Structures are given as structure tokens and as C-alpha cells.
file query_29.pdb (PDB, C-alpha atoms)
MODEL        1
ATOM      1  CA  MET A 979      76.956  29.422 139.221  1.00  0.00           C
ATOM      2  CA  ALA A 980      75.841  32.980 139.755  1.00  0.00           C
ATOM      3  CA  TYR A 981      74.703  34.942 136.743  1.00  0.00           C
ATOM      4  CA  SER A 982      74.768  38.597 135.822  1.00  0.00           C
ATOM      5  CA  ASP A 983      73.535  40.188 132.610  1.00  0.00           C
ATOM      6  CA  THR A 984      75.176  43.512 133.426  1.00  0.00           C
ATOM      7  CA  PRO A 985      78.012  44.164 130.979  1.00  0.00           C
ATOM      8  CA  VAL A 986      81.373  44.722 132.624  1.00  0.00           C
ATOM      9  CA  GLU A 987      84.585  45.930 131.055  1.00  0.00           C
ATOM     10  CA  PRO A 988      87.051  43.925 133.175  1.00  0.00           C
ATOM     11  CA  ALA A 989      90.081  45.911 132.006  1.00  0.00           C
ATOM     12  CA  SER A 990      88.552  49.033 133.557  1.00  0.00           C
ATOM     13  CA  LEU A 991      88.797  47.387 136.970  1.00  0.00           C
ATOM     14  CA  LEU A 992      92.578  47.466 137.132  1.00  0.00           C
ATOM     15  CA  GLY A 993      93.656  49.511 140.078  1.00  0.00           C
ATOM     16  CA  ALA A 994      94.014  49.680 143.808  1.00  0.00           C
ATOM     17  CA  HIS A 995      90.700  51.586 143.971  1.00  0.00           C
ATOM     18  CA  SER A 996      88.677  48.555 142.821  1.00  0.00           C
ATOM     19  CA  HIS A 997      85.958  47.427 145.208  1.00  0.00           C
ATOM     20  CA  ALA A 998      85.225  43.791 145.978  1.00  0.00           C
ATOM     21  CA  GLU A 999      81.880  44.029 144.151  1.00  0.00           C
ATOM     22  CA  ASP A1000      83.606  45.314 141.004  1.00  0.00           C
ATOM     23  CA  LEU A1001      86.095  42.460 141.110  1.00  0.00           C
ATOM     24  CA  TYR A1002      83.264  39.987 141.664  1.00  0.00           C
ATOM     25  CA  ARG A1003      81.392  41.358 138.650  1.00  0.00           C
ATOM     26  CA  ALA A1004      84.518  40.907 136.538  1.00  0.00           C
ATOM     27  CA  GLY A1005      84.602  37.277 137.645  1.00  0.00           C
ATOM     28  CA  LEU A1006      80.974  36.911 136.625  1.00  0.00           C
ATOM     29  CA  ALA A1007      81.722  38.458 133.241  1.00  0.00           C
ATOM     30  CA  TYR A1008      84.461  35.918 132.527  1.00  0.00           C
ATOM     31  CA  ALA A1009      82.472  33.005 133.987  1.00  0.00           C
ATOM     32  CA  THR A1010      79.337  33.718 131.947  1.00  0.00           C
ATOM     33  CA  GLY A1011      80.670  35.460 128.850  1.00  0.00           C
ATOM     34  CA  THR A1012      78.775  38.676 129.584  1.00  0.00           C
ATOM     35  CA  GLY A1013      80.842  41.518 128.166  1.00  0.00           C
ATOM     36  CA  ALA A1014      83.890  39.249 127.888  1.00  0.00           C
ATOM     37  CA  GLU A1015      84.811  35.926 126.361  1.00  0.00           C
ATOM     38  CA  ILE A1016      84.319  33.004 128.758  1.00  0.00           C
ATOM     39  CA  ASN A1017      87.618  32.299 130.495  1.00  0.00           C
ATOM     40  CA  LEU A1018      87.440  30.251 133.680  1.00  0.00           C
ATOM     41  CA  ILE A1019      91.042  31.007 134.651  1.00  0.00           C
ATOM     42  CA  GLU A1020      90.299  34.743 134.510  1.00  0.00           C
ATOM     43  CA  ALA A1021      87.025  34.152 136.352  1.00  0.00           C
ATOM     44  CA  HIS A1022      88.896  32.372 139.147  1.00  0.00           C
ATOM     45  CA  LYS A1023      91.420  35.215 139.302  1.00  0.00           C
ATOM     46  CA  TRP A1024      88.757  37.904 139.690  1.00  0.00           C
ATOM     47  CA  PHE A1025      86.703  35.861 142.160  1.00  0.00           C
ATOM     48  CA  ASN A1026      89.883  35.287 144.167  1.00  0.00           C
ATOM     49  CA  LEU A1027      90.671  39.004 144.239  1.00  0.00           C
ATOM     50  CA  ALA A1028      87.107  39.786 145.330  1.00  0.00           C
ATOM     51  CA  ALA A1029      87.257  37.085 148.010  1.00  0.00           C
ATOM     52  CA  VAL A1030      90.491  38.531 149.378  1.00  0.00           C
ATOM     53  CA  ARG A1031      88.629  41.823 149.765  1.00  0.00           C
ATOM     54  CA  GLY A1032      85.883  40.095 151.729  1.00  0.00           C
ATOM     55  CA  HIS A1033      83.208  39.320 149.130  1.00  0.00           C
ATOM     56  CA  GLU A1034      81.394  36.235 150.460  1.00  0.00           C
ATOM     57  CA  ASP A1035      79.760  35.152 147.173  1.00  0.00           C
ATOM     58  CA  ALA A1036      83.151  35.368 145.460  1.00  0.00           C
ATOM     59  CA  LYS A1037      84.530  32.763 147.851  1.00  0.00           C
ATOM     60  CA  ALA A1038      81.922  30.246 146.708  1.00  0.00           C
ATOM     61  CA  GLN A1039      82.387  31.142 143.044  1.00  0.00           C
ATOM     62  CA  ARG A1040      86.176  30.833 143.348  1.00  0.00           C
ATOM     63  CA  GLN A1041      85.708  27.312 144.711  1.00  0.00           C
ATOM     64  CA  GLU A1042      83.314  26.438 141.896  1.00  0.00           C
ATOM     65  CA  MET A1043      85.832  27.665 139.317  1.00  0.00           C
ATOM     66  CA  ALA A1044      88.629  25.682 141.010  1.00  0.00           C
ATOM     67  CA  GLU A1045      86.560  22.506 140.684  1.00  0.00           C
ATOM     68  CA  MET A1046      86.266  23.074 136.922  1.00  0.00           C
ATOM     69  CA  LEU A1047      89.973  23.763 136.394  1.00  0.00           C
ATOM     70  CA  SER A1048      93.023  21.538 136.450  1.00  0.00           C
ATOM     71  CA  SER A1049      95.570  22.128 139.200  1.00  0.00           C
ATOM     72  CA  ALA A1050      97.875  23.757 136.634  1.00  0.00           C
ATOM     73  CA  GLU A1051      95.079  26.140 135.608  1.00  0.00           C
ATOM     74  CA  VAL A1052      94.350  27.028 139.243  1.00  0.00           C
ATOM     75  CA  LYS A1053      98.050  27.815 139.684  1.00  0.00           C
ATOM     76  CA  MET A1054      97.879  30.066 136.612  1.00  0.00           C
ATOM     77  CA  ALA A1055      94.853  31.878 138.048  1.00  0.00           C
ATOM     78  CA  LEU A1056      96.540  32.350 141.415  1.00  0.00           C
ATOM     79  CA  GLN A1057      99.689  33.691 139.752  1.00  0.00           C
ATOM     80  CA  ALA A1058      97.584  36.082 137.665  1.00  0.00           C
ATOM     81  CA  ALA A1059      95.901  37.349 140.844  1.00  0.00           C
ATOM     82  CA  ARG A1060      99.296  37.911 142.485  1.00  0.00           C
ATOM     83  CA  ASP A1061     100.501  39.735 139.377  1.00  0.00           C
ATOM     84  CA  TRP A1062      97.391  41.952 139.420  1.00  0.00           C
ATOM     85  CA  MET A1063      97.972  42.766 143.084  1.00  0.00           C
ATOM     86  CA  ARG A1064     101.546  43.813 142.343  1.00  0.00           C
ATOM     87  CA  LEU A1065     100.442  46.017 139.429  1.00  0.00           C
ATOM     88  CA  ALA A1066      97.498  47.504 141.292  1.00  0.00           C
ATOM     89  CA  HIS A1067      99.551  48.498 144.287  1.00  0.00           C
TER      90      HIS A1067
ENDMDL
END

call {"tool": "encode", "arguments": {"input": "query_29.pdb", "output": "C-alpha cells"}}
result
Amino acid sequence: MAYSDTPVEPASLLGAHSHAEDLYRAGLAYATGTGAEINLIEAHKWFNLAAVRGHEDAKAQRQEMAEMLSSAEVKMALQAARDWMRLAH
């Protein structure tokens, strides 16, 4: 799993203006507990959003998160990503 020690405030990333790198960093924050509590469902959501915007590393991280989650949890993460997209746009 990738690691980042740069604190991120994931809530500040809500918006259509968010760049793939910002979304990826939010995924890292939730995956590693840097600046946020570890939450693999949230990590998957943010990695998914970054991957949709073309971030290559996010695609691999999203897959890694999916392998750690149950199918129900992956569905929750995907729904959360869809909800974010609706709110951001």
C-alpha cells in the first residue's frame, strides 16, 4: 500500500474543482490514518474517484482496498462515490 505522511483534510476536497491528486491523497489519508481515522470504505471511495479522473496509482490502490473489503463494503464505497459525484456536480 502506498504511504503518505502529508496531512490531508478530506472534507476540504468536496467539490467539482477537486483534482485527481487531491482525491488520491484523501484515499491515502483514510487508508493510512494520516489526518483521518483509518476507514477502508472511505479509502476505496476516494481512490475510486481519483481513478475515474485518471490517476493511475489510485487504480491500483482501489483494487487493493477492494481485496480487503467484503462485497457489501465495496458496494457501500461505490455508492458513496456516486453520492459524492452527485453532490460535487

call {"tool": "atom_distance", "arguments": {"input": "query_29.pdb", "atom1": "CA of His1022 (chain A)", "atom2": "CA of Met1043 (chain A)"}}
result
5.6 Å

call {"tool": "resolve_selection", "arguments": {"input": "query_29.pdb", "expression": "the PyMOL selection byres ((chain A and resi 1045-1055) around 9)", "output": "ChimeraX atom specification"}}
result
/A:1018-1024,1026,1040-1044,1056-1060

call {"tool": "atom_distance", "arguments": {"input": "query_29.pdb", "atom1": "CA of Glu1034 (chain A)", "atom2": "CA of His995 (chain A)"}}
result
19.1 Å

call {"tool": "closest_residue", "arguments": {"input": "query_29.pdb", "among": "A:Leu1006, A:His997, A:Ala1066, A:Glu1015", "to": "Asp1035 (chain A)", "atoms": "all atoms listed in the file"}}
result
A:Leu1006

call {"tool": "atom_distance", "arguments": {"input": "query_29.pdb", "atom1": "CA of Tyr1008 (chain A)", "atom2": "CA of His1033 (chain A)"}}
result
17.0 Å

call {"tool": "closest_residue", "arguments": {"input": "query_29.pdb", "among": "A:Asp1000, A:Asp1061, A:Ile1016, A:Phe1025", "to": "Gln1039 (chain A)", "atoms": "all atoms listed in the file"}}
result
A:Phe1025

call {"tool": "residues_around", "arguments": {"input": "query_29.pdb", "residues": "Ala994 (chain A)", "least_positions_apart": "3", "cutoff": "10 Å", "atoms": "all atoms listed in the file", "output": "number ranges by chain"}}
result
A: 991, 997, 1062-1067

call {"tool": "residues_near_point", "arguments": {"input": "query_29.pdb", "point": "(83.8, 41.7, 142.5)", "cutoff": "6 Å", "atoms": "only C-alpha atoms", "output": "number ranges by chain"}}
result
A: 998-1003, 1028
